[in-house]
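Only one structure is covered here, and it is reproduced in the block below.
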Amino acid sequence: MKGILFGTATIAALAFGLQPVAAQQSIKIGFVSTFSGSQAAIGEDMRRSVDLAVEHLGGKIAGKKIEIVYEDDQFKPDVGKARSEKLVQQDKVNFVAGYIWSNVLLASLKTVTDEGDTILISANAGPSQIAGELCNKNFFSTSWQNDQTPMAMGEYLNTKGVKSLYVVGPNYAAGKDMLAGVKRTYKGTIAGEDYTKWPDQLDFSAELTKIAAAKPGGIFIFYPGAHGVQFVKQWVQAGLNKTVPLYQVFSIDAITLPQQGELALGTLGAQEWVNDLPNEQNKKYVADFKKKYKVYPSYYGAQSYDAIMLIASAAEALKGDLSDKAKVRAEMKKANFKSLRGDFKFGNNNFPIENFYIQETVKDAEGMMTVKTIATAVKAGQDPYHDKCAMK
Amino acid sequence: MDYLLIQTLNGVQLGLLMFLLAAGLTLTFGIMDLVNLAHGSLYMMGAYLAWTFIGWTDSFVLGVLLSLPATFLLGVVVEAVVMRRLYARDHLDQVLATFGLILFFNELVRAVWGPAGKSIAVPAFLGHTVEILPGVPYPAYRFALIVAGGVVAILLAWLVTRTRMGMVIRAGASNRRMIAALGVNIELLFSLVFGLGAVFAGLAGVMAAPIASVKIGMGDDILILAFVIIVIGGIGSIKGAFVAAMMVGQIDIFGRTYLPDLLKTFLSPAAASGAAPALSQMMVYIVMAGVLVWRPTGLFGQRS
């Protein structure tokens with residue numbers, strides 16, 4: 001019995017060992033996002049954009065077929081980590097991309113970048129830890145560091161002369177970064193600050209009552225996806241939309257607007273990418289996306305599209321030979337691709353240095369809810385943690 | 001004072017919503033001895049069905065009214081197809097099977113309604129705020145929730161304490177074998193109780209929908225709290241579920257309202273804002289642990 005087992009194991013080892021890595025015929029990209037549960041709409045938007053990127057590339061990079069393996073993190077850090085491990089250990093992907101949630105990314109990071117020695121591209125989450133002390137040569141971001149977008153909002157609120165601000169967000173890694181971000185740049189008074197249970201708190205009546213009592217000059221929120229829908233609805237139901245303006249990051253976008261509808265009209269938000277940015281690649285992306293899926297893409301999608309294009313640029317430059325990781329990293333770092341947001345370059349911690357815009361919620365010519373750029377809040381902004389990163 | 005009143009009302013409103021969900025759960029657990037994790041799925045289905053009916057009829061009230069018999073029917077079908085096979089099994093099997101039902105319903109909703117959430121607008125006549133006291137505005141919809149939830153709670157109390165069916169239900173909760181021996185049609189009773197639980201869960205889903213959004217898995221988050229409520233109240237007791245739901249509603253709201261400020265009096269603001277959400281999240285469970293130490297069968301529990 002022992003002999004048979006041993007024999008089987010040897011054959012299996014041989015079979016796996018014989019697979020020649022260098023002669024790999026495809027470029028395999030693992031993509032981790034949320035495809036089930038309440039936040040599945042975000043994952044769907046990312047998947048659509050990845051599919052569109054592959055289509056725009058003609059299905060091939062450097063003559064090799066692109067293979068995308070989608071994995072569902074179910075909105076849970078432990079599941080995300082297990083799925084990431086599967087991609088690296090079992091599927092042996094060349095890159096892992098995706099990650100909406102900071103807590104999922106933090107749980108999965110080491111599994112991919114250290115134990116798996118695989119390059120990870122975050123297409124959304126940007127926890128402060130990874131920009132600072134946890135920064136990693138195998139990590140790249142096509143989004144932002146969490147603090148940056150709210151910092152841009154804070155800058156804008158200063159120029160707008162908003163005297164006091166009540167800040168509310170969920171009690172998890174990204175929520176803390178986001179509120180820290182707005183407080184970093186905003187110069188007025190903080191009238192109040194609340195952290196709510198994440199992800200199960202959907203009723204904000206207690207917080208809205210506190211806000212109404214505090215009478216601030218504005219509310220700042222960070223509630224991605226389904227939670228943003230809830231907050232905006234309850235803000236209107238409480239009648240606060242008539243007295244306290246809402247300023248937001250990641251809470252009113254192409255994912256949430258179909259449900260928020262006209263309730264969100266006129267609200268302002270900050271973002272590094274907006275669907276009306278006037279560069280050629282963005283026009284093509286937005287037009288093709290709308291043609292194919294009949295809805296607007298969101299920044300989640302745009303960042304995912306960029307992640308695939310970034311990978312393509314590095315793999316093209318190396319003629320599809322991804323065997324030398326150091327060379328791949330060097331090519332990635334050049335960011336030699338046409339980002340949908342226009343100018344794009346990496347800082348020392350592999351987070352982008354980029355502009356941030358202020359967007360207003362409007363109705364387009366066909367009556368569809370969307371956002372449009374109204375101002376540039378920050379030019380070539382870099383995250384505040386980059387000097388804590390050991391990479392130079 | 002106004003502030004306190006509004007926060008209390010917020011707690012009452014949350015409590016009533018939780019009561020509707022917990023009522024069905026405590027009945028099925030207490031009478032049928034069935035652990036039904038899929039109770040949250042009925043909550044979700046109620047909301048999705050209402051969304052569809054509101055689309056058809058173009059009326060919020062009609063849509064909600066239509067969704068009630070629909071969720072009842074759904075409950076009866078689920079009971080006949082799945083639950084009936086589980087009564088004789090132990091709780092672990094029931095947990096596994098009903099967990100499977102959660103996955104089934106989530107995928108069903110994805111297939112029928114798509115992955116993106118749906119939105120039910122607050123009906124126009126409730127879209128404003130009402131003055132509960134002169135100069136104290138309160139969202140009209142939440143006020144309507146309190147009224148509707150209160151009416152349903154009274155109806156349920158009447159049903160359970162004053163009608164023959166309620167008598168049988170109460171008898172079933174205290175001694176199931178005995179009522180079977182007395183010739184009560186247990187199969188029919190179970191069908192009815194499960195259907196009734198489904199209606200209340202569905203109604204809670206519909207009522208929560210305009211505040212929250214209608215989305216896949218919307219019942220899963222809230223289900224844990226519903227279980228906490230029936231454990232605090234005593235399994236099988238409607239009165240217990242009501243009292244516990246009211247307690248949980250107030251604890252939740254006041255934890256969120258006052259804990260951060262309370263902690264700031266003796267902690268640094270940074271530490272307080274870190275600890276307060278965690279602590280207010282734990283409050284409900286701390287209370288549950290306290291109640292269980294004091295009364296192991298819950299506040300109004302009958303079984304030992």
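Ligands are numbered from 1 in the order shown, chains are lettered A, B, ... in the order of the structure tokens, and residues start at 1 in each chain.
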
Please check the contacts: residues of chain B at most 8 Å away from chain A, using only C-alpha atoms, listed as an mmCIF file with C-alpha atoms, in the first residue's frame.
```
data_model
loop_
_atom_site.group_PDB
_atom_site.id
_atom_site.type_symbol
_atom_site.label_atom_id
_atom_site.label_comp_id
_atom_site.auth_asym_id
_atom_site.auth_seq_id
_atom_site.Cartn_x
_atom_site.Cartn_y
_atom_site.Cartn_z
ATOM 1 C CA TYR B 3 -32.742 64.768 20.510
ATOM 2 C CA ILE B 6 -35.796 61.173 18.242
ATOM 3 C CA GLN B 7 -33.089 58.712 19.155
ATOM 4 C CA ASN B 10 -35.086 55.483 16.066
ATOM 5 C CA ASN B 106 -29.170 34.116 -3.291
ATOM 6 C CA PRO B 115 -26.567 40.909 -9.352
ATOM 7 C CA ALA B 116 -27.167 44.640 -8.918
ATOM 8 C CA GLY B 117 -29.459 45.694 -6.090
ATOM 9 C CA LYS B 118 -32.914 47.127 -6.636
ATOM 10 C CA SER B 119 -34.321 50.256 -5.188
ATOM 11 C CA GLY B 127 -41.313 61.214 1.330
ATOM 12 C CA HIS B 128 -41.216 64.256 3.624
ATOM 13 C CA THR B 129 -40.719 64.745 7.333
ATOM 14 C CA TYR B 138 -38.925 63.095 11.922
ATOM 15 C CA PRO B 139 -38.813 61.173 8.614
ATOM 16 C CA ALA B 140 -42.427 60.369 7.728
ATOM 17 C CA TYR B 141 -41.532 56.955 6.403
ATOM 18 C CA PRO B 210 -36.942 51.954 1.180
ATOM 19 C CA ILE B 211 -34.479 52.683 3.989
ATOM 20 C CA ALA B 212 -32.013 50.003 3.025
ATOM 21 C CA SER B 213 -31.626 48.696 -0.476
ATOM 22 C CA LYS B 215 -29.981 43.338 -2.479
ATOM 23 C CA ILE B 216 -28.678 39.810 -2.522
ATOM 24 C CA GLY B 217 -27.851 38.611 0.972
ATOM 25 C CA MET B 218 -29.701 41.489 2.655
ATOM 26 C CA ASP B 221 -26.549 40.279 8.058
ATOM 27 C CA ILE B 222 -29.682 40.946 10.031
ATOM 28 C CA ILE B 253 -29.108 53.187 18.860
ATOM 29 C CA PHE B 254 -27.894 54.480 22.220
ATOM 30 C CA ARG B 256 -24.019 54.369 18.655
ATOM 31 C CA THR B 257 -25.184 57.711 20.014
ATOM 32 C CA SER B 273 -13.177 56.649 18.242
ATOM 33 C CA PRO B 277 -17.750 51.256 17.392
ATOM 34 C CA ALA B 278 -16.270 47.957 18.540
ATOM 35 C CA GLN B 281 -21.117 46.391 18.348
#
```

Inset, instruction - Extract, using only C-alpha atoms, all DNA, RNA and protein residues at most 7 Å from B:Ile31, discarding same-chain residues fewer than 3 positions from it, and format them as number ranges by chain. - result: B: 27-28, 172-173, 176, 236

Inset, instruction - Run DSSP on the backbone and grab whatever in stretch 6-157 of chain B lands in alpha helix (DSSP H); send it over as a ChimeraX atom specification. - result: /B:6-32,39-57,60-81,91-113,140-157

Inset, instruction - Determine, counting only C-alpha atoms, which protein, DNA and RNA residues have an atom within 7 Å of an atom of stretch 58-70 of chain A; residues of the same chain fewer than 3 positions away are not included. Present the result as an MDAnalysis selection string. - result: chainID A and resid 25:32 54:55 312 315:316 319:320

Residues from last step as file, C-alpha atoms, as a PDB file, in the first residue's frame:
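again_18.pdb written:
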```pdb
ATOM      1  CA  GLN A  25       1.709  29.379 -24.134  1.00  0.00           C
ATOM      2  CA  SER A  26      -0.574  31.820 -22.391  1.00  0.00           C
ATOM      3  CA  ILE A  27      -0.380  34.726 -20.004  1.00  0.00           C
ATOM      4  CA  LYS A  28      -2.421  33.880 -16.960  1.00  0.00           C
ATOM      5  CA  ILE A  29      -3.931  36.611 -14.813  1.00  0.00           C
ATOM      6  CA  GLY A  30      -5.817  35.844 -11.636  1.00  0.00           C
ATOM      7  CA  PHE A  31      -8.506  38.407 -10.802  1.00  0.00           C
ATOM      8  CA  VAL A  32      -9.904  38.566  -7.277  1.00  0.00           C
ATOM      9  CA  VAL A  54      -8.852  41.728 -23.234  1.00  0.00           C
ATOM     10  CA  GLU A  55     -11.090  42.442 -26.218  1.00  0.00           C
ATOM     11  CA  ALA A 312       0.129  44.058 -21.178  1.00  0.00           C
ATOM     12  CA  ALA A 315       4.657  41.650 -21.039  1.00  0.00           C
ATOM     13  CA  GLU A 316       4.862  43.214 -24.514  1.00  0.00           C
ATOM     14  CA  LYS A 319       8.121  39.793 -25.683  1.00  0.00           C
ATOM     15  CA  GLY A 320       5.988  37.602 -23.475  1.00  0.00           C
TER      16      GLY A 320
END
```

Legend entry - Atom-to-atom span, atom CA of A:Glu280 and atom CA of A:Pro297, Å: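 Taking atom CA of A:Glu280 and atom CA of A:Pro297, their separation equals 15.9 Å.
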
Legend entry - For stretch 56-66 of chain B: contacts at 7 Å, only C-alpha atoms, fewer than 6 positions along chain excluded, given as an NGL selection string: :B and (50 or 123 or 206)

Inset, instruction - Quick one: pick out all strand (DSSP E or B) residues within stretch 59-303 of chain B from a backbone DSSP run and write them as a PyMOL selection string. - result: chain B and resi 118+129-133+136-139+214

Output N, CA and C atoms for every residue in the selection just made, as a compact mmCIF listing (two decimals), in the first residue's frame.
```txt
# COMPACT_ATOMS: atom_id res chain seq x y z
N LYS B 118 -31.76 46.38 -6.14
CA LYS B 118 -32.91 47.13 -6.64
C LYS B 118 -33.24 48.20 -5.61
N THR B 129 -40.86 64.97 5.90
CA THR B 129 -40.72 64.74 7.33
C THR B 129 -42.00 65.22 8.02
N VAL B 130 -42.30 64.59 9.15
CA VAL B 130 -43.46 65.06 9.93
C VAL B 130 -42.95 65.68 11.23
N GLU B 131 -43.73 66.59 11.78
CA GLU B 131 -43.35 67.17 13.07
C GLU B 131 -44.02 66.37 14.17
N ILE B 132 -43.22 65.57 14.87
CA ILE B 132 -43.82 64.76 15.93
C ILE B 132 -44.13 65.63 17.14
N LEU B 133 -43.31 66.66 17.34
CA LEU B 133 -43.61 67.72 18.30
C LEU B 133 -43.38 69.01 17.53
N VAL B 136 -39.95 69.62 15.84
CA VAL B 136 -39.11 68.43 15.87
C VAL B 136 -39.46 67.53 14.68
N PRO B 137 -38.72 67.65 13.59
CA PRO B 137 -39.06 66.85 12.42
C PRO B 137 -38.56 65.40 12.55
N TYR B 138 -39.31 64.50 11.94
CA TYR B 138 -38.92 63.10 11.92
C TYR B 138 -39.30 62.54 10.55
N PRO B 139 -38.46 61.68 9.94
CA PRO B 139 -38.81 61.17 8.61
C PRO B 139 -40.17 60.48 8.64
N VAL B 214 -32.62 46.89 -1.66
CA VAL B 214 -32.99 45.51 -1.89
C VAL B 214 -31.81 44.85 -2.57
```

Legend entry - Spatial neighbours of stretch 78-80 of chain A, max dist 8 Å, only C-alpha atoms, sep filter under 5 positions, as a list of chain:residue names: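 Result of the neighbour search: A:Val32, A:Asp72, A:Asp73, A:Val104, A:Leu105, A:Ala107, A:Ser108.
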
Determine, for each residue of stretch 323-387 of chain A having at least one atom at most 12 Å from an atom of stretch 117-133 of chain A, the closest pair of atoms and their separation in Å to one decimal, counting only C-alpha atoms; order by chain and ascending number, as JSON lines.
```
{"residue": "A:Ser323", "atom": "CA", "partner": "A:Thr118", "partner_atom": "CA", "distance": 11.2}
{"residue": "A:Asp324", "atom": "CA", "partner": "A:Thr118", "partner_atom": "CA", "distance": 11.3}
{"residue": "A:Lys325", "atom": "CA", "partner": "A:Thr118", "partner_atom": "CA", "distance": 8.2}
{"residue": "A:Ala326", "atom": "CA", "partner": "A:Ile119", "partner_atom": "CA", "distance": 10.4}
{"residue": "A:Lys327", "atom": "CA", "partner": "A:Ile119", "partner_atom": "CA", "distance": 11.7}
{"residue": "A:Val328", "atom": "CA", "partner": "A:Ile119", "partner_atom": "CA", "distance": 8.7}
{"residue": "A:Arg329", "atom": "CA", "partner": "A:Ile119", "partner_atom": "CA", "distance": 7.8}
{"residue": "A:Ala330", "atom": "CA", "partner": "A:Ile119", "partner_atom": "CA", "distance": 11.5}
{"residue": "A:Glu331", "atom": "CA", "partner": "A:Ile119", "partner_atom": "CA", "distance": 11.9}
{"residue": "A:Met332", "atom": "CA", "partner": "A:Ile119", "partner_atom": "CA", "distance": 9.6}
{"residue": "A:Lys333", "atom": "CA", "partner": "A:Ile121", "partner_atom": "CA", "distance": 11.5}
{"residue": "A:Phe346", "atom": "CA", "partner": "A:Ala131", "partner_atom": "CA", "distance": 11.7}
{"residue": "A:Gly347", "atom": "CA", "partner": "A:Ala131", "partner_atom": "CA", "distance": 9.8}
{"residue": "A:Asn348", "atom": "CA", "partner": "A:Ala131", "partner_atom": "CA", "distance": 9.3}
{"residue": "A:Asn349", "atom": "CA", "partner": "A:Ala131", "partner_atom": "CA", "distance": 5.9}
{"residue": "A:Asn350", "atom": "CA", "partner": "A:Ala131", "partner_atom": "CA", "distance": 7.9}
{"residue": "A:Phe351", "atom": "CA", "partner": "A:Ala131", "partner_atom": "CA", "distance": 7.0}
{"residue": "A:Pro352", "atom": "CA", "partner": "A:Ala131", "partner_atom": "CA", "distance": 10.5}
{"residue": "A:Gln382", "atom": "CA", "partner": "A:Ala131", "partner_atom": "CA", "distance": 10.4}
{"residue": "A:Asp383", "atom": "CA", "partner": "A:Ala131", "partner_atom": "CA", "distance": 7.7}
{"residue": "A:Pro384", "atom": "CA", "partner": "A:Ala131", "partner_atom": "CA", "distance": 8.5}
{"residue": "A:Tyr385", "atom": "CA", "partner": "A:Gly132", "partner_atom": "CA", "distance": 4.9}
{"residue": "A:His386", "atom": "CA", "partner": "A:Gly132", "partner_atom": "CA", "distance": 5.6}
{"residue": "A:Asp387", "atom": "CA", "partner": "A:Gly132", "partner_atom": "CA", "distance": 7.0}
```

Legend entry - Of the listed residues A:Pro150, A:Gly98, A:Gly192, A:Gly161, that which approaches B:Pro260 most closely, counting only C-alpha atoms: A:Gly192

Legend entry - B:Ser191, B:Asn185, B:Ser268, B:Gln250 ranked by distance to B:Gly75, top pick (using only C-alpha atoms):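 Closest residue, counting only C-alpha atoms: B:Ser191.
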
Legend entry - Contact residues around B:Val199 with only C-alpha atoms at 6 Å, ignoring same-chain residues under 4 positions, as number ranges by chain: B: 68, 71-72, 203

Legend entry - Selection near A:Met309, 8 Å with only C-alpha atoms, sequence-local residues under 5 positions removed, as number ranges by chain: A: 53, 337-339
